[in-house]
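Engineer: Pasting in a structure now, in structure tokens, and then I'll have a few things to ask.
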Amino acid sequence: MSAYQINAEVVSIDAVTDYVKIVRLKPTEPANFLAGQYLQVVLSEQDKRIFSIASSPTAEYIELHIGAGPDDAYPQGALDHMANNRHVTLEIGLGSAHLNLASERPIILMAGGTGFSYVKSIADYLAETKPNHTVLLFWGAKNAQALYASDYLVEWAAKHPNFQFIPVVEESDDNWTGKTGYVHHAVMEDISSLEPYDVYLAGPFKMAGIAREDFINQKGAIKEQLFADAFAFI
């Protein structure tokens with residue numbers, strides 16, 4: 001699928017944490033992309049900013065989950081552009097780490113922080129197309145408050161007996177009963193061998209590189225069955 005440009009209406013921009021905003025865009029023409037692909041928000045022909053698509057390809061709206069701290073000019077510039085323009089131009093159909101629907105292997109989705117948007121697109125599409133498939137979704141964040149879609153994922157797992165949601169935090173308090181530490185360590189603790197799995201992961205490049213190395217060397221993962229757009233850059 002080749003990348004191409006479309007126009008979209010900015011429907012809403014909602015803060016879900018102090019640093020994360022969910023943007024909903026309504027395409028004014030068909031938006032064709034694969035689950036797990038990303039897009040570029042076109043500020044100008046010389047300035048295009050990349051974000052994972054968080055929604056299923058079948059959804060009415062394109063959803064972006066954008067993390068932007070006070071000094072994060074790259075995502076904040078895109079947020080400002082979308083806040084100040086009712087209609088924006090998007091370049092969609094980008095990225096090769098999309099869901100392989102032809103595979104019948106069980107699936108692990110692993111995300112750190114707002115890398116969740118990448119695995120959410122895949123998770124939602126799997127719920128539509130392969131509701132009985134085995135899917136384990138590991139989501140790691142700094143603390144429980146940063147797991148802003150936990151309720152959504154609990155409901156997602158409850159609807160599908162073969163879907164599991166495993167939240168992981170780096171910093172826990174007395175109320176936390178889940179896993180603590182790094183998200184890729186949680187995967188390694190729970191899964192004795194990754195050889196049978198297709199693994200889709202997103203997060204900081206450093207995390208992706210360490211996870212790939214550990215998964216292959218310590219858990220028998222097959223390199224060709226590991227998918228992340230970060231791998232094209234590291």
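By order in the structure tokens, chains are A, B, ...; within a chain, residues start at 1; ligands start at 1, following the order shown.
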Determine, counting only C-alpha atoms, which protein, DNA and RNA residues have an atom within 10 Å of an atom of Tyr182 (chain A); residues of the same chain fewer than 4 positions away are not included. Present the result as a list in words.

Structural biologist: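 Near neighbours after the sequence-gap exclusion: Gly112, Trp139, Gly140, Ala141, Lys142, Val168, Val169, Glu170, Glu171, Ala186, Val187 and Met207 of chain A.
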
Engineer: Would you put the residues from that selection into a file with all heavy atoms, as an mmCIF file, in the first residue's frame?

Structural biologist:
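Full text of part.cif as output:
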data_model
loop_
_atom_site.group_PDB
_atom_site.id
_atom_site.type_symbol
_atom_site.label_atom_id
_atom_site.label_comp_id
_atom_site.auth_asym_id
_atom_site.auth_seq_id
_atom_site.Cartn_x
_atom_site.Cartn_y
_atom_site.Cartn_z
ATOM 1 N N GLY A 112 5.444 0.755 25.249
ATOM 2 C CA GLY A 112 5.914 1.620 26.319
ATOM 3 C C GLY A 112 5.350 3.012 26.105
ATOM 4 O O GLY A 112 5.449 3.567 25.007
ATOM 5 N N TRP A 139 1.428 -3.379 28.454
ATOM 6 C CA TRP A 139 1.579 -1.929 28.336
ATOM 7 C C TRP A 139 2.325 -1.422 29.559
ATOM 8 O O TRP A 139 1.863 -1.597 30.684
ATOM 9 C CB TRP A 139 0.227 -1.257 28.214
ATOM 10 C CG TRP A 139 0.270 0.235 27.986
ATOM 11 C CD1 TRP A 139 1.338 0.975 27.543
ATOM 12 C CD2 TRP A 139 -0.807 1.161 28.179
ATOM 13 N NE1 TRP A 139 0.990 2.310 27.443
ATOM 14 C CE2 TRP A 139 -0.321 2.448 27.831
ATOM 15 C CE3 TRP A 139 -2.131 1.017 28.602
ATOM 16 C CZ2 TRP A 139 -1.116 3.584 27.909
ATOM 17 C CZ3 TRP A 139 -2.920 2.145 28.672
ATOM 18 C CH2 TRP A 139 -2.428 3.420 28.326
ATOM 19 N N GLY A 140 3.464 -0.804 29.322
ATOM 20 C CA GLY A 140 4.273 -0.273 30.405
ATOM 21 C C GLY A 140 4.273 1.238 30.423
ATOM 22 O O GLY A 140 4.287 1.891 29.380
ATOM 23 N N ALA A 141 4.272 1.795 31.636
ATOM 24 C CA ALA A 141 4.319 3.246 31.801
ATOM 25 C C ALA A 141 5.013 3.565 33.115
ATOM 26 O O ALA A 141 5.285 2.669 33.920
ATOM 27 C CB ALA A 141 2.916 3.843 31.773
ATOM 28 N N LYS A 142 5.271 4.838 33.337
ATOM 29 C CA LYS A 142 5.989 5.240 34.538
ATOM 30 C C LYS A 142 5.196 4.919 35.789
ATOM 31 O O LYS A 142 5.742 4.430 36.785
ATOM 32 C CB LYS A 142 6.307 6.732 34.480
ATOM 33 C CG LYS A 142 7.196 7.213 35.627
ATOM 34 C CD LYS A 142 7.619 8.656 35.444
ATOM 35 C CE LYS A 142 8.556 9.100 36.556
ATOM 36 N NZ LYS A 142 8.988 10.516 36.378
ATOM 37 N N VAL A 168 1.969 -2.753 33.318
ATOM 38 C CA VAL A 168 3.260 -2.762 34.014
ATOM 39 C C VAL A 168 3.632 -1.319 34.333
ATOM 40 O O VAL A 168 3.544 -0.454 33.462
ATOM 41 C CB VAL A 168 4.366 -3.395 33.151
ATOM 42 C CG1 VAL A 168 5.661 -3.531 33.950
ATOM 43 C CG2 VAL A 168 3.932 -4.750 32.592
ATOM 44 N N VAL A 169 4.056 -1.063 35.570
ATOM 45 C CA VAL A 169 4.498 0.286 35.928
ATOM 46 C C VAL A 169 5.923 0.242 36.468
ATOM 47 O O VAL A 169 6.348 -0.739 37.076
ATOM 48 C CB VAL A 169 3.571 0.948 36.967
ATOM 49 C CG1 VAL A 169 2.156 1.085 36.410
ATOM 50 C CG2 VAL A 169 3.551 0.174 38.278
ATOM 51 N N GLU A 170 6.661 1.309 36.238
ATOM 52 C CA GLU A 170 8.017 1.412 36.786
ATOM 53 C C GLU A 170 7.989 1.864 38.236
ATOM 54 O O GLU A 170 8.854 1.484 39.030
ATOM 55 C CB GLU A 170 8.843 2.380 35.938
ATOM 56 C CG GLU A 170 9.112 1.868 34.527
ATOM 57 C CD GLU A 170 9.942 2.842 33.715
ATOM 58 O OE1 GLU A 170 10.717 3.613 34.326
ATOM 59 O OE2 GLU A 170 9.821 2.852 32.477
ATOM 60 N N GLU A 171 7.002 2.696 38.571
ATOM 61 C CA GLU A 171 6.887 3.208 39.936
ATOM 62 C C GLU A 171 5.517 2.833 40.488
ATOM 63 O O GLU A 171 4.497 3.251 39.944
ATOM 64 C CB GLU A 171 7.045 4.735 39.951
ATOM 65 C CG GLU A 171 8.376 5.222 39.407
ATOM 66 C CD GLU A 171 8.421 6.734 39.273
ATOM 67 O OE1 GLU A 171 7.388 7.385 39.587
ATOM 68 O OE2 GLU A 171 9.458 7.259 38.851
ATOM 69 N N ALA A 186 8.627 -7.906 31.861
ATOM 70 C CA ALA A 186 7.367 -8.572 32.192
ATOM 71 C C ALA A 186 7.010 -9.611 31.129
ATOM 72 O O ALA A 186 6.526 -10.704 31.461
ATOM 73 C CB ALA A 186 6.252 -7.541 32.323
ATOM 74 N N VAL A 187 7.243 -9.282 29.875
ATOM 75 C CA VAL A 187 7.012 -10.255 28.806
ATOM 76 C C VAL A 187 7.881 -11.490 29.026
ATOM 77 O O VAL A 187 7.412 -12.632 28.939
ATOM 78 C CB VAL A 187 7.309 -9.636 27.426
ATOM 79 C CG1 VAL A 187 7.214 -10.694 26.331
ATOM 80 C CG2 VAL A 187 6.355 -8.485 27.134
ATOM 81 N N MET A 207 14.387 1.288 24.049
ATOM 82 C CA MET A 207 13.636 0.157 24.561
ATOM 83 C C MET A 207 13.453 -0.909 23.493
ATOM 84 O O MET A 207 13.615 -2.112 23.748
ATOM 85 C CB MET A 207 12.273 0.612 25.067
ATOM 86 C CG MET A 207 11.411 -0.515 25.655
ATOM 87 S SD MET A 207 9.629 -0.191 25.591
ATOM 88 C CE MET A 207 9.273 -0.531 23.857
#

Engineer: Run DSSP on the backbone and grab whatever in region 90-232 of chain A lands in strand (DSSP E); send it over as a PyMOL selection string.

Structural biologist: chain A and resi 90-94+107-112+135-141+163-169+179-180+198-202+226-227

Engineer: Within 8 Å of region 94-108 of chain A, counting only C-alpha atoms, which residues qualify if same-chain residues fewer than 2 places away don't, as a list in words?

Structural biologist: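 Neighbouring residues, sequence-local ones excluded: Ser2, Ala3, Phe33, Leu34, Ala35, Gly36, Gln37, Tyr38, Leu39, Glu91, Ile92, Met110, Ile122, His133, Thr134, Val135, Leu136, Leu137, Phe138, Pro196, Tyr197, Asp198, Val199, Tyr200, Phe227, Ala228 and Asp229 of chain A.
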
Engineer: Considering only C-alpha atoms, state which residue in the set A:Ser52, A:Thr28, A:Gln225, A:Asn143 is at the smallest distance from Gly181 (chain A).

Structural biologist: A:Asn143

Engineer: Need the shell around Thr58 (chain A): protein/DNA/RNA residues with any atom at most 12 Å away, counting only C-alpha atoms. Skip same-chain ones fewer than 6 positions apart. Format as a CSV table (one decimal) with N, CA and C atoms, in the first residue's frame?

Structural biologist:
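The resulting file, part_13.csv, is reproduced below:
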chain,number,residue,atom,x,y,z
A,30,PRO,N,-11.9,8.6,1.6
A,30,PRO,CA,-11.5,7.3,2.2
A,30,PRO,C,-10.0,7.3,2.7
A,31,ALA,N,-9.8,6.8,3.9
A,31,ALA,CA,-8.5,6.6,4.5
A,31,ALA,C,-8.1,5.2,4.5
A,32,ASN,N,-7.3,4.8,3.6
A,32,ASN,CA,-6.9,3.4,3.5
A,32,ASN,C,-5.5,3.2,4.1
A,33,PHE,N,-5.4,2.4,5.2
A,33,PHE,CA,-4.2,2.1,5.9
A,33,PHE,C,-4.3,0.7,6.5
A,34,LEU,N,-3.2,0.1,7.0
A,34,LEU,CA,-3.2,-1.2,7.6
A,34,LEU,C,-3.0,-1.0,9.1
A,35,ALA,N,-3.6,-1.9,9.9
A,35,ALA,CA,-3.5,-1.8,11.4
A,35,ALA,C,-2.0,-1.8,11.7
A,121,SER,N,-4.2,0.2,17.7
A,121,SER,CA,-4.8,0.0,16.3
A,121,SER,C,-4.9,-1.5,16.0
A,122,ILE,N,-3.8,-2.2,16.3
A,122,ILE,CA,-3.8,-3.7,16.0
A,122,ILE,C,-4.8,-4.4,16.9
A,124,ASP,N,-7.5,-3.4,18.3
A,124,ASP,CA,-8.9,-3.1,17.9
A,124,ASP,C,-9.3,-3.9,16.6
A,125,TYR,N,-8.3,-3.9,15.7
A,125,TYR,CA,-8.6,-4.6,14.4
A,125,TYR,C,-8.7,-6.1,14.7
A,126,LEU,N,-7.9,-6.6,15.5
A,126,LEU,CA,-7.9,-8.1,15.8
A,126,LEU,C,-9.3,-8.4,16.5
A,127,ALA,N,-9.8,-7.5,17.3
A,127,ALA,CA,-11.1,-7.8,18.0
A,127,ALA,C,-12.2,-7.9,16.9
A,128,GLU,N,-12.0,-7.2,15.8
A,128,GLU,CA,-13.0,-7.2,14.7
A,128,GLU,C,-12.8,-8.4,13.8
A,129,THR,N,-11.6,-8.7,13.5
A,129,THR,CA,-11.3,-9.7,12.5
A,129,THR,C,-10.9,-11.1,13.0

Engineer: Restricting the calculation to only C-alpha atoms, which member of A:Ile234, A:Val41, A:Ala144, A:Leu194 is positioned closest to Ser172 (chain A)?

Structural biologist: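 So, comparing all the options, the nearest one is A:Ala144.
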
Engineer: Extract the full set of helix (DSSP H, G or I) residues from region 128-193 of chain A according to DSSP on the backbone, and format it as a ChimeraX atom specification.

Structural biologist: /A:128-129,144-146,150-159,183-190

Engineer: Which is closest to His87 (chain A) among A:Gly69, A:Pro161, A:Pro27, A:Gly115, if we use only C-alpha atoms?

Structural biologist: A:Pro27
